[in-house]
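Input: a single structure, listed below in structure tokens.
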Protein chains: 4
Amino acid sequence: MARQPLAGEPRARVLVAGASGFAGALAARLVWRHPRLELAAATSRGEAGARLDRLYPRHRVPVELRELDLDAAGSLDAALVAYPHGAAAGPVAELRRRGLVVVDISADLRLHDLAAYERTYGEHGAPELLAEAVYGLPEIHRERIAAAKLVANPGCYPTAALLALAPLAAAGLVDDVVISAASGVSGAGRGGGDRLHFVSVAENFSPYAVHGHRHAPEIEQELAELGSRASATFVPHLLPLDQGLLASCYARLRDELTEEELRGLYAERYGDEPFVEVVDEPPGVRDVRDTNACRVNVALDRAARRALVFAAIDNLWKGAAGQAIQNLNLMLGLPEGEGLS
Amino acid sequence: MARQPLAGEPRARVLVAGASGFAGALAARLVWRHPRLELAAATSRGEAGARLDRLYPRHRVPVELRELDLDAAGSLDAALVAYPHGAAAGPVAELRRRGLVVVDISADLRLHDLAAYERTYGEHGAPELLAEAVYGLPEIHRERIAAAKLVANPGCYPTAALLALAPLAAAGLVDDVVISAASGVSGAGRGGGDRLHFVSVAENFSPYAVHGHRHAPEIEQELAELGSRASATFVPHLLPLDQGLLASCYARLRDELTEEELRGLYAERYGDEPFVEVVDEPPGVRDVRDTNACRVNVALDRAARRALVFAAIDNLWKGAAGQAIQNLNLMLGLPEGEGLS
Amino acid sequence: MARQPLAGEPRARVLVAGASGFAGALAARLVWRHPRLELAAATSRGEAGARLDRLYPRHRVPVELRELDLDAAGSLDAALVAYPHGAAAGPVAELRRRGLVVVDISADLRLHDLAAYERTYGEHGAPELLAEAVYGLPEIHRERIAAAKLVANPGCYPTAALLALAPLAAAGLVDDVVISAASGVSGAGRGGGDRLHFVSVAENFSPYAVHGHRHAPEIEQELAELGSRASATFVPHLLPLDQGLLASCYARLRDELTEEELRGLYAERYGDEPFVEVVDEPPGVRDVRDTNACRVNVALDRAARRALVFAAIDNLWKGAAGQAIQNLNLMLGLPEGEGLS
Amino acid sequence: MARQPLAGEPRARVLVAGASGFAGALAARLVWRHPRLELAAATSRGEAGARLDRLYPRHRVPVELRELDLDAAGSLDAALVAYPHGAAAGPVAELRRRGLVVVDISADLRLHDLAAYERTYGEHGAPELLAEAVYGLPEIHRERIAAAKLVANPGCYPTAALLALAPLAAAGLVDDVVISAASGVSGAGRGGGDRLHFVSVAENFSPYAVHGHRHAPEIEQELAELGSRASATFVPHLLPLDQGLLASCYARLRDELTEEELRGLYAERYGDEPFVEVVDEPPGVRDVRDTNACRVNVALDRAARRALVFAAIDNLWKGAAGQAIQNLNLMLGLPEGEGLS
């Protein structure tokens, strides 16, 4: 259980699998510039041979993408896997078998309940991993993450919604909640065809997946673990911007609280958190862009007895690759924020 | 009470007061190109002397803005007043005194209850008008608008929220509702300073007025008139786009309905409405840009017993100037959609 | 050669082929709402069976796309063909054979010189049409268009650049010209993959095709016809917006002119043009969005003896579908601007 | 002339004057996080008393703005002055008198020729400084900057244009040049009123200052110093994005070169430059956002005997505050890129 602090060893050797997607490419960049990690390999299923600094000039990672070679990976220390859901579980199992510490950025290992997974995503590729995987939201599961060899990195919407609601849920205050959230386009990934063409998104704003987004079971699982078995309605919207996600949460409270009491709950829970910033005004997604921060603001609608909680993150950072590094730092015994400033 | 059908007279002579703002300028353009109206004068308090086609090249209205001359206005038939709230009531009273039919696009006459007005906006400039003014949402008050000489044009958020909720509210089904809405920047007007500078808005998305937006009492007044005394939570957000507004409404239902029953309610209420389009998929604001349409979609979250209703409008059209023309058409006995296609 | 004025016949029956692309879909919408045309069929090679109002909700054309049926098309009056270059010439030949008047929105028939075409685009599918096709820029070739049965609709960049330069070129004044142009994303079409993903385009601006864009030979051909055999450098850039194109033209002059003389040349040439607006200030692309107008402004850099000419169009309207309707109106003897306001 | 290497002293104490504007606020942030500099004071003429992290949440500089106190400033080591042109010269003179090393980000000291300044900007507040001030483009004047106590930080357009053209100008190759440039909105500053309102800029693109932008004399001065007395035409355009600037330069060459020779010139001149990246493809402004890099690409239009050179910078970094830090690093004997990665 004691972390190997890597003393003596200068850098842990890290594989980023799926580095041609938005989250994987950022993960590769964060590893590349991390003072205690080495980008040992960056792989892509579809674009092996391409250079990352051609695909993503702004990341400036002068590395050629390769095919994933599991046997060669056996000599490495850790892996970040940024595959589409359904495709990750198999390679993650192989990497674990070879002894690597793994953060899975996909959705494959986030749900503890196999049935819930299969209802949401279809057949599971490695159900035996579900018991081992720790849900990688450090602000809720820090200790368990630090002791884990396998972490399931949360979805972007759950990250923001759970950070918005955790202080209330842990206090057993949430009766019912509406989560009306909005994400920039990078959250939807590089595929997507016409729907993500510039012309479809620019000057537009619309809800989607209104009959049940895949992230809903994940939010419910964690709210329940925190102690809130509230009914939850979750609807995402697509924003005409690249990076940024806002969860606007409307939580009906079981008790009457003042706004000061509400604010006190948040200050207390997040006072020492390195990446949660409790602020006095509603945050904008621009405030947290290109950072691993989550900005949270809470207000009270007294007449409706509702807490209004707004949490802003960068969907690619705290909502994906940044949080993966935060988790990996914890797993490797490194300072939690190393390489993230 | 019988409308003067303007037979014989080719065009009603219309004044647009406050034509240098976004809503007023569009109102002037719509009057300018309207086959049965004549733009007799366009006025501005701060920019008299400027030409509208310099201020708004895309509107192509080759007209010089003037100071408002109430006496000269006495010879006209109708006025659209697009002043800031607080500044409209006085001139509206003067125009009414001179016999003009008036649509007030400001907020001054929307609330029937003077106390509610004063809590929200401060002292009222012409409280005697409140009794006369009809709330100008044709889909709810068409008959009364057609018989009115003075109409208070609804706010942009209330227009979308009320069109989203009217079928449910009128059926007494709404127990409680969260309205999480978002508007493009033109909804905030030409002023606004730093907050509306391109650099503040681009790539950003944030809630505002979370402790009570001025449009909330207006929404509550009309929901109550429709028959729903539900508690309502309303939070607006600022979108990084010019024109467009989406109201995402989460209404807890008193009864268990199926989604088909829900859809039936909407089809029935809006089947004959010229400007409400009930659609099968959640609308995007781009779908209604530069039109007077409101697109509405309803879905059911059965587990939470909530109707999810999404209404998209162009905040400058159906949310302001377009609806003002629709109201004026009704008041003048013209076809309701004249000049709006 | 005499136009059949369609007297008696209420509407010409028009086929739009390739109506699932941006230009074709707008062409279908413009035909749909045109008072003298009937949208007899809208076809798509890849999306037959889909409804246009699903693909393009904002166009509100409640029509199902079909496969192109050339034999059925034989009974129609006219066709607008919006296929990709290379794919149009064959169907255009077939439609002409069946007697339809055709406007080809593709690039296939714009170049009179087969060799120039083949250097630029590859093998030609129906070289026999080149002699018949008239280059469809009404401001240069109005008479010939009105007499034609087959018109090659100009490219978006050539439309703006030629309207910017025609008064100078026709006066033999242009010694040398740099055309630095920029277009919104819709100009690049629905395909394009990653390059046109929202995330690639937003917050970005870059030149492309710097070693020779396909529109360059078209510009040179027409400048030469106007009387200017100047060397021309043309570089396009991609703008982070949907519709809009600006050609910034820097033309070295053979003679010393005053700015007044320059402005006089433009006023004279374009004074009676319905769709060219000569303005005093540099135009923005927003000024002409969703219109068939081209706004032109000219200034003099006396020290460098250069005319600076800026022409703004909507690349989908005057740069594609709008101009196609303008051409079709001329060909059918209808008022030139019918259906375009 | 020998730099005081600050050995022993941990950090130079730096004043940022005018820290409420876009460039000044970024300068304050860069000083704040710089390992060898201390943000001793951040001042504002109009917003003293406000906190920087309220005005610019994303910069996260928890510092209160103060009034400029010249006497207190006497104890500091250096100042970055980000005042509007015309307002800087006086305070800069005072700060120099008190012994501070100064980088003036305003335009006041960029032109060596007082008459040229006065034609462009009006009366000069401290003409005696012109002789002392060194033009702060390190890639041209590195040695002189390192020896200077007073540096005039270049304008954003000149920075990009000069980096694009320096290899050609220094080789005496430029006969004539057109610089067609485009900048994001932050380049125009926080003021600007309606013109910079989101609604004016979004979805728009237009040239401005076509009869002579203030940056033109600066470009000409430096091209002449490099050895090119070419005629130059410079036109800026306003882009619908926040940060980013592209200079598209079309330079007619005195000699016939191959593209390889051209590329060789750039590789040679910039091979060792830490902040100039010569690339094979035309750069996008997004590639350099939030960095101090300038990306340059050169191509040949052989037919017109023109070099096409594209240089992309972030107008607030390499075009203003980033370059100011680069200059200050040189002046203080620090590593040139310290605090800029």
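Letters for chains follow the order of the structure tokens (A, B, ...), residue numbers begin at 1 for each chain, and ligand numbers begin at 1 in the order shown.
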Picked from stretch 97-259 of chain A by DSSP as helix (DSSP H, G or I), as a ChimeraX atom specification:
/A:97,114-121,127-129,138-146,156-170,185-188,193-196,198-201,216-226,259
Using only C-alpha atoms, which chain B residues lie at most 9 Å away from chain A, written as a VMD selection string?
chain B and resid 176 178 180 182 184 200 to 212 231 to 233 235 239 to 246 248 250 281 to 287 299 to 301 303 to 304 306 308 310 312
Can those selected residues be exported to a file as a short mmCIF file (atom, residue, chain, number, x, y, z; two decimals), in the first residue's frame so that it contains C-alpha atoms?
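This went into selection_3.cif:
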data_model
loop_
_atom_site.label_atom_id
_atom_site.label_comp_id
_atom_site.auth_asym_id
_atom_site.auth_seq_id
_atom_site.Cartn_x
_atom_site.Cartn_y
_atom_site.Cartn_z
CA ASP B 176 -42.58 22.78 -9.78
CA VAL B 178 -36.69 24.80 -13.18
CA SER B 180 -32.41 27.03 -17.14
CA ALA B 182 -29.46 30.85 -22.26
CA GLY B 184 -27.19 35.32 -27.16
CA SER B 200 -15.49 38.84 -22.40
CA VAL B 201 -18.07 36.77 -24.21
CA ALA B 202 -16.20 34.74 -26.82
CA GLU B 203 -15.34 31.19 -25.74
CA ASN B 204 -17.25 31.78 -22.55
CA PHE B 205 -20.54 30.61 -21.03
CA SER B 206 -21.77 31.60 -17.60
CA PRO B 207 -24.89 32.06 -15.52
CA TYR B 208 -25.87 35.54 -14.39
CA ALA B 209 -28.49 37.21 -12.22
CA VAL B 210 -28.69 34.03 -10.17
CA HIS B 211 -30.33 35.82 -7.29
CA GLY B 212 -33.35 36.80 -9.32
CA SER B 231 -42.75 27.33 -7.60
CA ALA B 232 -40.32 28.31 -10.32
CA THR B 233 -36.57 28.65 -10.40
CA VAL B 235 -31.56 31.13 -14.15
CA LEU B 239 -24.12 32.43 -24.79
CA PRO B 240 -21.20 33.28 -27.07
CA LEU B 241 -23.41 34.05 -30.04
CA ASP B 242 -25.39 37.00 -31.32
CA GLN B 243 -29.04 36.06 -31.76
CA GLY B 244 -30.73 33.05 -30.19
CA LEU B 245 -32.34 31.99 -26.94
CA LEU B 246 -33.10 28.58 -25.53
CA SER B 248 -34.64 24.44 -21.08
CA TYR B 250 -37.70 20.94 -16.27
CA GLU B 281 -36.00 16.60 -31.81
CA PRO B 282 -34.58 19.18 -29.41
CA PRO B 283 -34.25 22.44 -31.32
CA GLY B 284 -31.11 24.50 -31.77
CA VAL B 285 -31.25 28.26 -31.66
CA ARG B 286 -29.79 28.36 -35.14
CA ASP B 287 -32.97 26.72 -36.46
CA ALA B 299 -39.72 14.76 -23.70
CA LEU B 300 -40.44 12.79 -20.56
CA ASP B 301 -38.02 11.83 -17.82
CA ALA B 303 -38.07 8.21 -13.46
CA ALA B 304 -38.17 11.77 -12.15
CA ARG B 306 -40.53 15.43 -15.25
CA LEU B 308 -38.31 18.28 -20.32
CA PHE B 310 -37.03 23.02 -24.83
CA ALA B 312 -35.83 28.06 -29.01
#
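The gap separating atom CA of D:Ser106 from atom CA of D:His85 is 5.2 Å, in Å to one decimal.
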Closest of B:Glu336, B:Glu277, B:Asp314, B:Asp53 to B:Asn297 - atom-to-atom distances counting only C-alpha atoms
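Nearest to B:Asn297: B:Glu277.
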Going by DSSP on the backbone, which bits of stretch 26-71 of chain B are strand (DSSP E)? Write them as a ChimeraX atom specification, please.
/B:37-43
Would you pick out the contacts of C:Ile105 at 6 Å or less, using only C-alpha atoms, so that residues sharing its chain but fewer than 6 positions from it are not included, and give the list as a list in words?
Val81, Ala82 and Asn153 of chain C
Quick one: residues within 12 Å of stretch 114-119 of chain C, only C-alpha atoms, excluding same-chain residues fewer than 3 positions away - as a ChimeraX atom specification?
/C:85-86,107-111,122-131,212-218,220-221
Each stretch 26-87 of chain C residue no farther than 10 Å from stretch 317-332 of chain C, nearest pair in Å, only C-alpha atoms, as a Markdown table:
| residue | atom | partner | partner_atom | distance |
| --- | --- | --- | --- | --- |
| C:Leu26 | CA | C:Ala321 | CA | 6.1 |
| C:Ala27 | CA | C:Ala321 | CA | 4.8 |
| C:Ala28 | CA | C:Ala321 | CA | 8.6 |
| C:Arg29 | CA | C:Ala321 | CA | 9.4 |
| C:Leu30 | CA | C:Ile325 | CA | 7.5 |
| C:Val31 | CA | C:Ile325 | CA | 7.7 |
| C:His34 | CA | C:Ile325 | CA | 9.2 |
| C:Arg36 | CA | C:Asn329 | CA | 9.2 |
| C:Leu37 | CA | C:Asn329 | CA | 9.4 |
| C:Asp77 | CA | C:Leu332 | CA | 9.4 |
| C:Ala78 | CA | C:Leu328 | CA | 8.2 |
| C:Ala79 | CA | C:Leu328 | CA | 8.9 |
| C:Leu80 | CA | C:Ala324 | CA | 7.3 |
| C:Val81 | CA | C:Ala324 | CA | 9.4 |
| C:Ala82 | CA | C:Ala321 | CA | 8.7 |
Between A:Pro84, A:Tyr135, A:Thr258, A:Ala152, single out the one closest to A:Tyr121, counting only C-alpha atoms.
A:Pro84
Could you list, as a PyMOL selection string, every residue within 7 Å of stretch 262-270 of chain C, counting only C-alpha atoms and ignoring same-chain residues fewer than 5 positions away?
chain C and resi 167+257+276+278+298
For those residues, write all heavy atoms to a file as a compact mmCIF listing (two decimals), in the first residue's frame.
# COMPACT_ATOMS: atom_id res chain seq x y z
N PRO C 167 -13.97 47.12 -62.66
CA PRO C 167 -13.86 48.50 -63.17
C PRO C 167 -12.44 48.89 -63.53
O PRO C 167 -12.21 49.60 -64.50
CB PRO C 167 -14.40 49.34 -61.99
CG PRO C 167 -15.31 48.41 -61.24
CD PRO C 167 -14.64 47.06 -61.35
N LEU C 257 -3.98 57.92 -60.57
CA LEU C 257 -5.35 58.41 -60.45
C LEU C 257 -5.52 59.01 -59.06
O LEU C 257 -4.79 58.66 -58.14
CB LEU C 257 -6.36 57.27 -60.59
CG LEU C 257 -6.71 56.78 -61.98
CD1 LEU C 257 -5.67 55.79 -62.44
CD2 LEU C 257 -8.10 56.16 -62.00
N VAL C 276 -24.75 45.05 -56.69
CA VAL C 276 -23.44 45.56 -56.28
C VAL C 276 -23.65 46.89 -55.56
O VAL C 276 -24.25 47.80 -56.12
CB VAL C 276 -22.49 45.74 -57.47
CG1 VAL C 276 -21.13 46.23 -56.99
CG2 VAL C 276 -22.35 44.43 -58.24
N VAL C 278 -21.76 49.91 -53.94
CA VAL C 278 -20.50 50.61 -53.74
C VAL C 278 -20.65 51.49 -52.49
O VAL C 278 -21.56 52.30 -52.41
CB VAL C 278 -20.14 51.47 -54.96
CG1 VAL C 278 -18.82 52.21 -54.74
CG2 VAL C 278 -20.04 50.57 -56.21
N VAL C 298 -13.49 51.10 -52.48
CA VAL C 298 -12.18 51.30 -53.08
C VAL C 298 -11.49 52.49 -52.42
O VAL C 298 -12.12 53.49 -52.09
CB VAL C 298 -12.31 51.50 -54.61
CG1 VAL C 298 -13.14 52.72 -54.94
CG2 VAL C 298 -10.93 51.60 -55.26
